[in-house]
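S.K.: The structure's right below; bear with me while I get my questions together.
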There are 2 protein chains.
Amino acid sequence: MPVLTEPVALEEPVTPATRRARVALLGFGQVGAAVAARAAAPPVNTRLQIAGALVRDPARRSPPGVPLVTDVSALWDPAPDAVIEVLGGLEPARTCVLGALERGIPVVTANKSLIAHHGDELLAASRRNGVALRYEASVVAGVPFLGTLARRPLARDVSQVTGILNGTSNFVLTRVSRNHEDIPTALDEARRLGFAEADATKDLDGTDAAEKLSVLIRLLGHRFVHPSVIARTGIGCLQPADLQQASEFGGVIKPVATADWSAGPVTSFVGPAFLPLTHPLASLEGVTNAVCLSRPGHAHVVFSGPGAGPHVTAATVLDDVLELLGEDGGRTGWSGLAPRASIGAPSESAWFVRLDLGAGAPDQRDVADLLGSFGVWIARTASPGGIHHPLTRWILTHPVAPARLSAALEALALSCGCRACSLPILEDSNA
Amino acid sequence: MPVLTEPVALEEPVTPATRRARVALLGFGQVGAAVAARAAAPPVNTRLQIAGALVRDPARRSPPGVPLVTDVSALWDPAPDAVIEVLGGLEPARTCVLGALERGIPVVTANKSLIAHHGDELLAASRRNGVALRYEASVVAGVPFLGTLARRPLARDVSQVTGILNGTSNFVLTRVSRNHEDIPTALDEARRLGFAEADATKDLDGTDAAEKLSVLIRLLGHRFVHPSVIARTGIGCLQPADLQQASEFGGVIKPVATADWSAGPVTSFVGPAFLPLTHPLASLEGVTNAVCLSRPGHAHVVFSGPGAGPHVTAATVLDDVLELLGEDGGRTGWSGLAPRASIGAPSESAWFVRLDLGAGAPDQRDVADLLGSFGVWIARTASPGGIHHPLTRWILTHPVAPARLSAALEALALSCGCRACSLPILEDSNA
């Protein structure tokens with residue numbers, strides 16, 4: 001690998017003025033607190049000040065810099081630049097959001113129930129008052145795609161959507177499948193890790209996923225399907241043996257939400273389903289969420305990533321705020337000319353190496369000794385032999401810098417004419 | 001599953017006026033022709049008229065309604081509403097795009113080489129003239145995510161990007177891995193299917209992926225890395241046995257492009273790498289492309305889908321045009337109130353069924369006969385037995401409507417007290 005270190009040359013200094021904006025929070029639970037914390041230091045030039053937060057309990061202790069109010073009207077004067085709704089549930093969220101929109105204040109919400117049940121009413125109010133209403137965090141909270149599809153009519157010209165929309169149930173079924181635990185044990189583990197609430201009923205019975213699916217059908221299918229109309233099965237009917245048997249049948253059981261309107265009427269379903277291993281959602285494990293879009297005869301498009309969590313949700317909500325406030329000019333994200341990068345030394349990794357040994361090749365221990373003298377240590381080795389590969393050996397190394405590996409392989413070539421082909425091993429850093 | 005058929009009630013008629021816009025094409029190859037064909041009937045209210053197309057060969061036959069010109073200045077008067085650059089390569093693309101931007105005409109390009117080499121110059125011209133320059137189709141052409149990240153500073157606050165950015169080499173390695181073909185044979189098949197050009201050198205040696213990686217580093221890392229500086233290995237060094245051996249080591253070999261600036265300097269690499277099966281890109285097969293974003297300690301976000309193809313690229317390019325022209329008001333995608341959906345009967349599918357047979361259970365043939373009398377036919381069956389599941393049997397059925405399956409399982413329950421748990425099987429429609 002070539003290694004070049006070039007000077008950092010900032011050709012056009014990037015010094016835009018810092019902008020300020022006032023944001024009001026409806027709700028100050030885990031997500032609200034994460035929004036306030038992240039807003040204090042965004043990686044952008046807009047400084048967001050939390051003008052106030054609506055809470056139910058007047059006796060609650062106020063965090064520094066965040067005035068708490070129990071009457072929403074206290075937030076309207078002076079009007080904030082945007083409102084963030086993180087109350088959850090239908091009321092008082094609906095009334096407060098309508099109040100903001102009618103006053104011409106743009107609103108960002110993370111509330112899938114609110115959008116699923118009252119989306120048309122709220123978006124009509126948004127249009128009528130000429131102010132934005134954004135809800136990117138309502139489905140697959142950590143992955144921006146809803147707003148993108150809202151703006152891109154050809155990208156959203158699909159007729160089938162299948163998703164894993166509930167992280168708790170995906171985590172539970174992943175544990176059951178991997179560890180052969182039963183569902184209550186897996187759910188306890190999810191709670192311990194903060195991936196499930198004390199009452200996880202709506203996650204496990206499909207209510208949560210059905211609300212999200214309703215939002216997707218509304219945006220992509222231009223039709224309103226009340227969440228209660230969506231056929232729903234909980235994951236409770238499953239036994240650990242089902243997941244083992246699915247594996248033996250060449251598939252996996254996943255908690256899916258799926259809808260199809262390619263023939264006109266909408267068919268939809270939320271619940272556990274059997275996916276063949278070739279299905280684009282079959283490999284999504286743990287709390288990962290995903291949405292897979294398609295139409296007959298066209299390739300799938302998949303958006304996947306974290307579906308919940310206070311910090312993930314807070315970042316997406318704040319991006320909605322910054323986007324509607326026009327941060328970055330809404331165009332390219334390339335502000336100013338870029339510095340020429342400082343190029344780092346190629347990073348250390350483990351390696352997959354094929355050795356084509358010549359005649360008179362050294363035995364395995366000699367090869368290991370020679371590589372070891374360069375600091376290259378063998379983790380696994382295979383010498384399948386056979387008529388096609390009599391002198392081929394594969395090894396997996398422990399992590400080592402590429403320069404060391406190259407030097408070791410060159411020495412091996414000199415000593416016995418052995419040729420090598422080496423590939424870095426990319427670990428899944430979050431596995 | 002509940003089946004409800006609700007009346008279609010269009011509460012607020014959606015009848016926005018049809019808008020018209022004139023678009024000039026730079027280039028009229030496969031992508032240009034696909035753009036012209038798709039522009040004629042977009043699923044939107046803006047009608048795009050192709051004002052003219054720049055071509056090299058003056059003798060070329062003009063398709064109906066698309067005036068061909070060989071001198072770009074013929075396209076500037078009257079000025080079109082937008083220019084679409086699909087020439088490919090650096091010149092004359094760069095000069096023509098600069099010409100449009102300097103005249104205040106917004107530009108959409110699908111040209112990763114142009115953005116990788118001249119992005120800063122072109123985006124400076126875009127800013128100077130206050131007009132948009134969009135390049136969504138330059139990386140993972142069929143999946144919108146670049147523009148999204150450009151507008152969302154917290155979503156793009158990552159320090160590692162790993163992608164499968166070249167469909168040809170992913171297709172070739174997938175064939176080699178699945179069919180144990182050698183690379184030339186797999187490449188012939190790619191050409192036959194239209195997934196590889198006659199000269200696929202830049203796809204196989206990593207040039208194409210390095211240009212796309214340079215664009216990603218520029219957008220996400222705010223640094224300029226010339227494509228030639230990126231360490232690059234072609235896939236030509238691989239032998240079919242390497243891919244078999246990778247599988248035995250519990251992984252897969254994929255053509256990746258990866259960069260990391262979490263420690264400051266940028267390290268980058270393009271070429272085949274060994275991915276453990278838990279890696280989010282390990283399961284992406286065929287011509288599928290993907291980008292995986294991360295930063296230490298945070299969950300991956302993955303965008304995946306088709307990376308090339310005239311129709312895929314044309315749709316993305318046209319979405320860029322419609323977005324910059326302000327189609328949909330740039331806000332919600334929910335124009336007007338939605339009709340209440342007509343709900344279809346649940347669709348036919350194959351099923352994964354667990355039967356908990358009571359004592360005195362009928363034998364397998366009797367079960368099959370009873371199910372068959374309802375039109376439910378068994379594709380596979382398993383009766384693991386053993387101490388934990390002495391009376392449990394799993395079956396996979398052929399496709400059948402859920403109502404038929406329910407009736408069959410009810411009849412079985414009546415005849416022998418057998419309880420059942422059934423899950424739909426979601427096929428990968430494009431596998």
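Within each chain, counting starts at residue 1; across the structure tokens, chains are named A, B, ... in the order shown, with ligands numbered 1 upward in that order.
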Determine, using only C-alpha atoms, which residues of chain A have any atom at most 6 Å from an atom of chain B, and tabulate each with its shortest atom pair and distance in Å to one decimal place, rows ordered by chain and then rising number, as a tab-separated table.
M.R.:
residue	atom	partner	partner_atom	distance
A:Met1	CA	B:Ala231	CA	5.0
A:Pro2	CA	B:Ala231	CA	5.8
A:Asp120	CA	B:Leu337	CA	5.7
A:Ala150	CA	B:Gly333	CA	4.0
A:Arg151	CA	B:Gly330	CA	5.4
A:Arg152	CA	B:Asp319	CA	5.1
A:Leu154	CA	B:Ala315	CA	5.9
A:His222	CA	B:Ala338	CA	5.8
A:Arg223	CA	B:Ala341	CA	5.0
A:Phe224	CA	B:Arg340	CA	4.6
A:Val225	CA	B:Ala341	CA	5.6
A:Ala231	CA	B:Met1	CA	5.0
A:Pro265	CA	B:Gly344	CA	4.6
A:Val266	CA	B:Ile343	CA	4.7
A:Thr267	CA	B:Gly344	CA	5.0
A:Ala273	CA	B:Leu423	CA	5.0
A:Phe274	CA	B:Ile425	CA	4.6
A:Leu275	CA	B:Leu426	CA	5.3
A:His279	CA	B:Asp428	CA	4.7
A:His300	CA	B:Gly305	CA	5.7
A:Val301	CA	B:Gly305	CA	4.3
A:Val302	CA	B:Ser304	CA	5.1
A:Phe303	CA	B:Phe303	CA	4.8
A:Ser304	CA	B:Val302	CA	5.1
A:Gly305	CA	B:Val301	CA	4.3
A:Ala315	CA	B:Leu154	CA	5.9
A:Asp319	CA	B:Arg152	CA	5.1
A:Gly330	CA	B:Arg151	CA	5.4
A:Thr332	CA	B:Ala150	CA	5.3
A:Gly333	CA	B:Ala150	CA	4.0
A:Leu337	CA	B:Asp120	CA	5.7
A:Ala338	CA	B:Arg223	CA	5.1
A:Pro339	CA	B:Arg223	CA	5.3
A:Arg340	CA	B:Phe224	CA	4.6
A:Ala341	CA	B:Arg223	CA	5.0
A:Ser342	CA	B:Pro265	CA	4.8
A:Ile343	CA	B:Val266	CA	4.7
A:Gly344	CA	B:Pro265	CA	4.6
A:Pro346	CA	B:Thr267	CA	5.6
A:Leu423	CA	B:Ala273	CA	5.0
A:Pro424	CA	B:Ala273	CA	5.2
A:Ile425	CA	B:Phe274	CA	4.6
A:Leu426	CA	B:Leu275	CA	5.3
A:Asp428	CA	B:His279	CA	4.7
S.K.: Using Å and a single decimal, report how far CA of Thr174 (chain B) sits from CA of Thr397 (chain B).
M.R.: 29.7 Å
S.K.: Going by DSSP on the backbone, which residues of region 24-87 of chain A come out as strand (DSSP E or B)? List them as JSON, numbers by chain.
M.R.: {"A": [24, 25, 26, 46, 47, 48, 49, 50, 51, 52, 53, 54, 68, 69, 82, 83, 84, 85]}
S.K.: Limited to all heavy atoms, could you put the picked residues into a file as a CSV table (one decimal), in the first residue's frame?
M.R.:
chain,number,residue,atom,x,y,z
A,24,ALA,N,-37.9,25.0,21.8
A,24,ALA,CA,-38.7,24.6,23.0
A,24,ALA,C,-39.0,23.1,22.9
A,24,ALA,O,-39.2,22.5,21.9
A,24,ALA,CB,-40.1,25.3,23.0
A,25,LEU,N,-38.9,22.4,24.1
A,25,LEU,CA,-39.1,21.0,24.2
A,25,LEU,C,-40.5,20.7,24.8
A,25,LEU,O,-40.8,21.3,25.8
A,25,LEU,CB,-38.0,20.4,25.1
A,25,LEU,CG,-36.6,20.1,24.5
A,25,LEU,CD1,-35.6,19.8,25.6
A,25,LEU,CD2,-36.7,19.0,23.5
A,26,LEU,N,-41.2,19.8,24.1
A,26,LEU,CA,-42.4,19.3,24.7
A,26,LEU,C,-42.0,17.9,25.3
A,26,LEU,O,-41.8,17.0,24.5
A,26,LEU,CB,-43.5,19.1,23.7
A,26,LEU,CG,-43.9,20.4,22.9
A,26,LEU,CD1,-44.9,20.1,21.8
A,26,LEU,CD2,-44.4,21.5,23.9
A,46,THR,N,-24.7,26.3,14.0
A,46,THR,CA,-25.9,26.8,14.7
A,46,THR,C,-25.9,26.4,16.1
A,46,THR,O,-25.8,25.2,16.4
A,46,THR,CB,-27.2,26.3,14.0
A,46,THR,OG1,-27.2,26.7,12.6
A,46,THR,CG2,-28.4,26.8,14.7
A,47,ARG,N,-26.0,27.4,17.0
A,47,ARG,CA,-26.1,27.1,18.4
A,47,ARG,C,-27.5,27.0,18.9
A,47,ARG,O,-28.2,28.0,18.7
A,47,ARG,CB,-25.4,28.2,19.2
A,47,ARG,CG,-24.1,27.9,20.0
A,47,ARG,CD,-24.0,26.5,20.5
A,47,ARG,NE,-23.2,26.5,21.7
A,47,ARG,CZ,-21.9,26.6,21.7
A,47,ARG,NH1,-21.3,26.8,20.5
A,47,ARG,NH2,-21.2,26.5,22.8
A,48,LEU,N,-28.0,25.9,19.4
A,48,LEU,CA,-29.3,25.8,19.8
A,48,LEU,C,-29.5,26.0,21.3
A,48,LEU,O,-28.8,25.3,22.1
A,48,LEU,CB,-29.9,24.4,19.4
A,48,LEU,CG,-29.8,24.0,17.9
A,48,LEU,CD1,-30.2,22.6,17.7
A,48,LEU,CD2,-30.7,25.0,17.1
A,49,GLN,N,-30.4,26.9,21.6
A,49,GLN,CA,-30.6,27.2,23.0
A,49,GLN,C,-32.0,26.6,23.4
A,49,GLN,O,-32.9,26.8,22.7
A,49,GLN,CB,-30.6,28.7,23.3
A,49,GLN,CG,-30.7,29.1,24.7
A,49,GLN,CD,-31.4,30.5,24.9
A,49,GLN,OE1,-31.3,31.3,24.0
A,49,GLN,NE2,-32.0,30.7,26.0
A,50,ILE,N,-32.0,25.9,24.5
A,50,ILE,CA,-33.3,25.3,24.9
A,50,ILE,C,-34.1,26.4,25.7
A,50,ILE,O,-33.7,26.8,26.8
A,50,ILE,CB,-33.1,24.0,25.8
A,50,ILE,CG1,-32.2,23.0,25.1
A,50,ILE,CG2,-34.5,23.4,26.2
A,50,ILE,CD1,-32.7,22.5,23.8
A,51,ALA,N,-35.1,26.9,25.0
A,51,ALA,CA,-35.9,28.0,25.6
A,51,ALA,C,-36.7,27.6,26.8
A,51,ALA,O,-37.1,28.4,27.7
A,51,ALA,CB,-36.8,28.6,24.5
A,52,GLY,N,-37.1,26.3,26.8
A,52,GLY,CA,-37.9,25.8,27.9
A,52,GLY,C,-38.4,24.4,27.6
A,52,GLY,O,-38.3,24.0,26.4
A,53,ALA,N,-38.8,23.7,28.6
A,53,ALA,CA,-39.3,22.3,28.4
A,53,ALA,C,-40.6,22.1,29.2
A,53,ALA,O,-40.7,22.4,30.3
A,53,ALA,CB,-38.3,21.3,28.8
A,54,LEU,N,-41.6,21.6,28.4
A,54,LEU,CA,-42.9,21.3,29.1
A,54,LEU,C,-42.8,19.9,29.8
A,54,LEU,O,-42.4,18.9,29.2
A,54,LEU,CB,-44.0,21.2,28.0
A,54,LEU,CG,-45.4,20.8,28.5
A,54,LEU,CD1,-46.0,21.9,29.3
A,54,LEU,CD2,-46.3,20.4,27.3
A,68,LEU,N,-38.1,24.7,33.2
A,68,LEU,CA,-39.2,23.7,33.0
A,68,LEU,C,-40.6,24.5,33.2
A,68,LEU,O,-40.7,25.3,34.1
A,68,LEU,CB,-39.1,22.6,34.1
A,68,LEU,CG,-37.8,21.8,34.0
A,68,LEU,CD1,-37.9,20.6,35.0
A,68,LEU,CD2,-37.6,21.2,32.6
A,69,VAL,N,-41.5,24.1,32.4
A,69,VAL,CA,-42.9,24.7,32.6
A,69,VAL,C,-43.9,23.6,32.5
A,69,VAL,O,-43.7,22.5,32.0
A,69,VAL,CB,-43.2,25.7,31.4
A,69,VAL,CG1,-42.1,26.8,31.3
A,69,VAL,CG2,-43.3,25.0,30.1
A,82,ALA,N,-38.2,26.8,16.8
A,82,ALA,CA,-38.8,25.4,16.5
A,82,ALA,C,-39.2,24.8,17.8
A,82,ALA,O,-38.7,25.1,18.9
A,82,ALA,CB,-37.7,24.6,15.8
A,83,VAL,N,-40.1,23.8,17.7
A,83,VAL,CA,-40.6,23.0,18.8
A,83,VAL,C,-40.2,21.6,18.6
A,83,VAL,O,-40.4,21.1,17.5
A,83,VAL,CB,-42.1,23.2,19.0
A,83,VAL,CG1,-42.7,22.0,19.9
A,83,VAL,CG2,-42.4,24.5,19.6
A,84,ILE,N,-39.7,20.9,19.6
A,84,ILE,CA,-39.4,19.5,19.5
A,84,ILE,C,-40.4,18.7,20.4
A,84,ILE,O,-40.4,18.9,21.6
A,84,ILE,CB,-37.9,19.2,19.9
A,84,ILE,CG1,-37.0,19.8,19.0
A,84,ILE,CG2,-37.7,17.7,20.0
A,84,ILE,CD1,-35.5,19.7,19.4
A,85,GLU,N,-41.2,17.8,19.9
A,85,GLU,CA,-42.2,17.1,20.6
A,85,GLU,C,-41.6,15.7,21.0
A,85,GLU,O,-41.4,14.9,20.1
A,85,GLU,CB,-43.5,17.0,19.9
A,85,GLU,CG,-44.6,16.4,20.7
A,85,GLU,CD,-44.6,14.8,20.6
A,85,GLU,OE1,-44.6,14.2,19.5
A,85,GLU,OE2,-44.6,14.2,21.7
S.K.: Would you list the contacts of Ala79 (chain A) as a PyMOL selection string, taking every protein, DNA or RNA residue within 10 Å and counting only C-alpha atoms, but skipping same-chain residues closer than 5 positions in sequence?
M.R.: chain A and resi 22-24+51+74+100+103-105
S.K.: Would you output that residue set with N, CA and C atoms, as a PDB file, in the first residue's frame?
M.R.:
ATOM      1  N   ARG A  22     -33.536  29.374  19.115  1.00  0.00           N
ATOM      2  CA  ARG A  22     -34.197  28.979  20.361  1.00  0.00           C
ATOM      3  C   ARG A  22     -35.178  27.848  20.082  1.00  0.00           C
ATOM      4  N   VAL A  23     -35.060  26.791  20.859  1.00  0.00           N
ATOM      5  CA  VAL A  23     -35.885  25.604  20.648  1.00  0.00           C
ATOM      6  C   VAL A  23     -36.638  25.278  21.938  1.00  0.00           C
ATOM      7  N   ALA A  24     -37.934  24.987  21.813  1.00  0.00           N
ATOM      8  CA  ALA A  24     -38.722  24.576  22.977  1.00  0.00           C
ATOM      9  C   ALA A  24     -38.956  23.073  22.930  1.00  0.00           C
ATOM     10  N   ALA A  51     -35.141  26.882  25.015  1.00  0.00           N
ATOM     11  CA  ALA A  51     -35.902  28.000  25.579  1.00  0.00           C
ATOM     12  C   ALA A  51     -36.734  27.563  26.775  1.00  0.00           C
ATOM     13  N   ALA A  74     -46.773  28.868  28.169  1.00  0.00           N
ATOM     14  CA  ALA A  74     -45.588  29.597  28.622  1.00  0.00           C
ATOM     15  C   ALA A  74     -44.445  29.501  27.618  1.00  0.00           C
ATOM     16  N   ALA A 100     -48.556  24.811  18.283  1.00  0.00           N
ATOM     17  CA  ALA A 100     -47.325  25.381  17.725  1.00  0.00           C
ATOM     18  C   ALA A 100     -47.508  25.696  16.243  1.00  0.00           C
ATOM     19  N   ARG A 103     -49.478  28.665  15.447  1.00  0.00           N
ATOM     20  CA  ARG A 103     -48.749  29.906  15.739  1.00  0.00           C
ATOM     21  C   ARG A 103     -47.600  30.137  14.767  1.00  0.00           C
ATOM     22  N   GLY A 104     -47.486  29.261  13.763  1.00  0.00           N
ATOM     23  CA  GLY A 104     -46.428  29.447  12.760  1.00  0.00           C
ATOM     24  C   GLY A 104     -45.068  28.961  13.222  1.00  0.00           C
ATOM     25  N   ILE A 105     -45.043  28.106  14.242  1.00  0.00           N
ATOM     26  CA  ILE A 105     -43.766  27.589  14.743  1.00  0.00           C
ATOM     27  C   ILE A 105     -43.545  26.184  14.175  1.00  0.00           C
TER      28      ILE A 105
END
S.K.: Quick check, in Å to one decimal: how far apart do CA of Ser415 (chain A) and CA of Gly375 (chain A) lie?
M.R.: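 A separation of 17.3 Å between them.
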S.K.: Taking 6 positions as the minimum chain separation for residues in the same chain, which residues sit within 12 Å of Pro92 (chain A) when counting only C-alpha atoms? Answer as a PyMOL selection string.
M.R.: chain A and resi 26-27+54-56+70-72+85-86+98-99+114
S.K.: Enumerate as a PyMOL selection string all residues of region 85-329 of chain A assigned to helix (DSSP H, G or I) by DSSP on the backbone, naming them with the chain letters and numbers the document uses.
M.R.: chain A and resi 93-102+112-129+136-138+146-151+167-179+183-192+201-204+207-221+227-229+235-237+240-248+310-324+327-329
S.K.: CA of Pro362 (chain A) and CA of Ser349 (chain A) are how many Å apart?
M.R.: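 For CA of Pro362 (chain A) relative to CA of Ser349 (chain A), the distance reads 25.8 Å.
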S.K.: When you look at Ile235 (chain B) with a cut-off of 9 Å (counting only C-alpha atoms), what residues show up, excluding the ones that are within fewer than 6 positions of it in the same chain? I need them as a short mmCIF file (atom, residue, chain, number, x, y, z; two decimals) with C-alpha atoms, in the first residue's frame.
M.R.:
data_model
loop_
_atom_site.label_atom_id
_atom_site.label_comp_id
_atom_site.auth_asym_id
_atom_site.auth_seq_id
_atom_site.Cartn_x
_atom_site.Cartn_y
_atom_site.Cartn_z
CA SER B 169 -16.63 -6.79 -8.85
CA LEU B 173 -16.83 -12.45 -6.53
CA ILE B 183 -12.90 -14.78 -12.47
CA LEU B 204 -11.84 -4.77 -11.31
CA ASP B 205 -8.69 -2.82 -10.39
CA GLY B 206 -10.46 -0.55 -7.88
CA PRO B 255 -14.59 -6.04 -2.79
CA GLY B 271 -9.71 -4.04 -2.74
CA PRO B 272 -10.85 -7.49 -1.72
#
S.K.: Between B:Ala411, B:Ala308, B:Leu193, B:Val161, which one has atoms that come closest to Ala137 (chain B), using only C-alpha atoms?
M.R.: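 Between B:Ala411, B:Ala308, B:Leu193, B:Val161, the residue approaching Ala137 (chain B) most closely is B:Ala308.
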S.K.: If we count only C-alpha atoms and set the cut-off at 10 Å, which residues sit around Arg128 (chain A), ignoring sequence neighbours fewer than 6 positions away in its own chain? Please answer as a ChimeraX atom specification.
M.R.: /A:101-102,104,122
S.K.: How about saving the chosen residues, N, CA, C and O atoms kept, as a PDB file, in the first residue's frame?
M.R.:
ATOM      1  N   LEU A 101     -48.055  24.747  15.492  1.00  0.00           N
ATOM      2  CA  LEU A 101     -48.210  24.937  14.049  1.00  0.00           C
ATOM      3  C   LEU A 101     -49.130  26.122  13.749  1.00  0.00           C
ATOM      4  O   LEU A 101     -48.850  26.933  12.858  1.00  0.00           O
ATOM      5  N   GLU A 102     -50.233  26.233  14.526  1.00  0.00           N
ATOM      6  CA  GLU A 102     -51.175  27.343  14.294  1.00  0.00           C
ATOM      7  C   GLU A 102     -50.513  28.687  14.592  1.00  0.00           C
ATOM      8  O   GLU A 102     -50.905  29.706  14.041  1.00  0.00           O
ATOM      9  N   GLY A 104     -47.486  29.261  13.763  1.00  0.00           N
ATOM     10  CA  GLY A 104     -46.428  29.447  12.760  1.00  0.00           C
ATOM     11  C   GLY A 104     -45.068  28.961  13.222  1.00  0.00           C
ATOM     12  O   GLY A 104     -44.038  29.373  12.662  1.00  0.00           O
ATOM     13  N   LEU A 122     -52.257  16.886  11.318  1.00  0.00           N
ATOM     14  CA  LEU A 122     -51.113  17.726  11.664  1.00  0.00           C
ATOM     15  C   LEU A 122     -50.429  18.269  10.406  1.00  0.00           C
ATOM     16  O   LEU A 122     -50.019  19.427  10.366  1.00  0.00           O
TER      17      LEU A 122
END
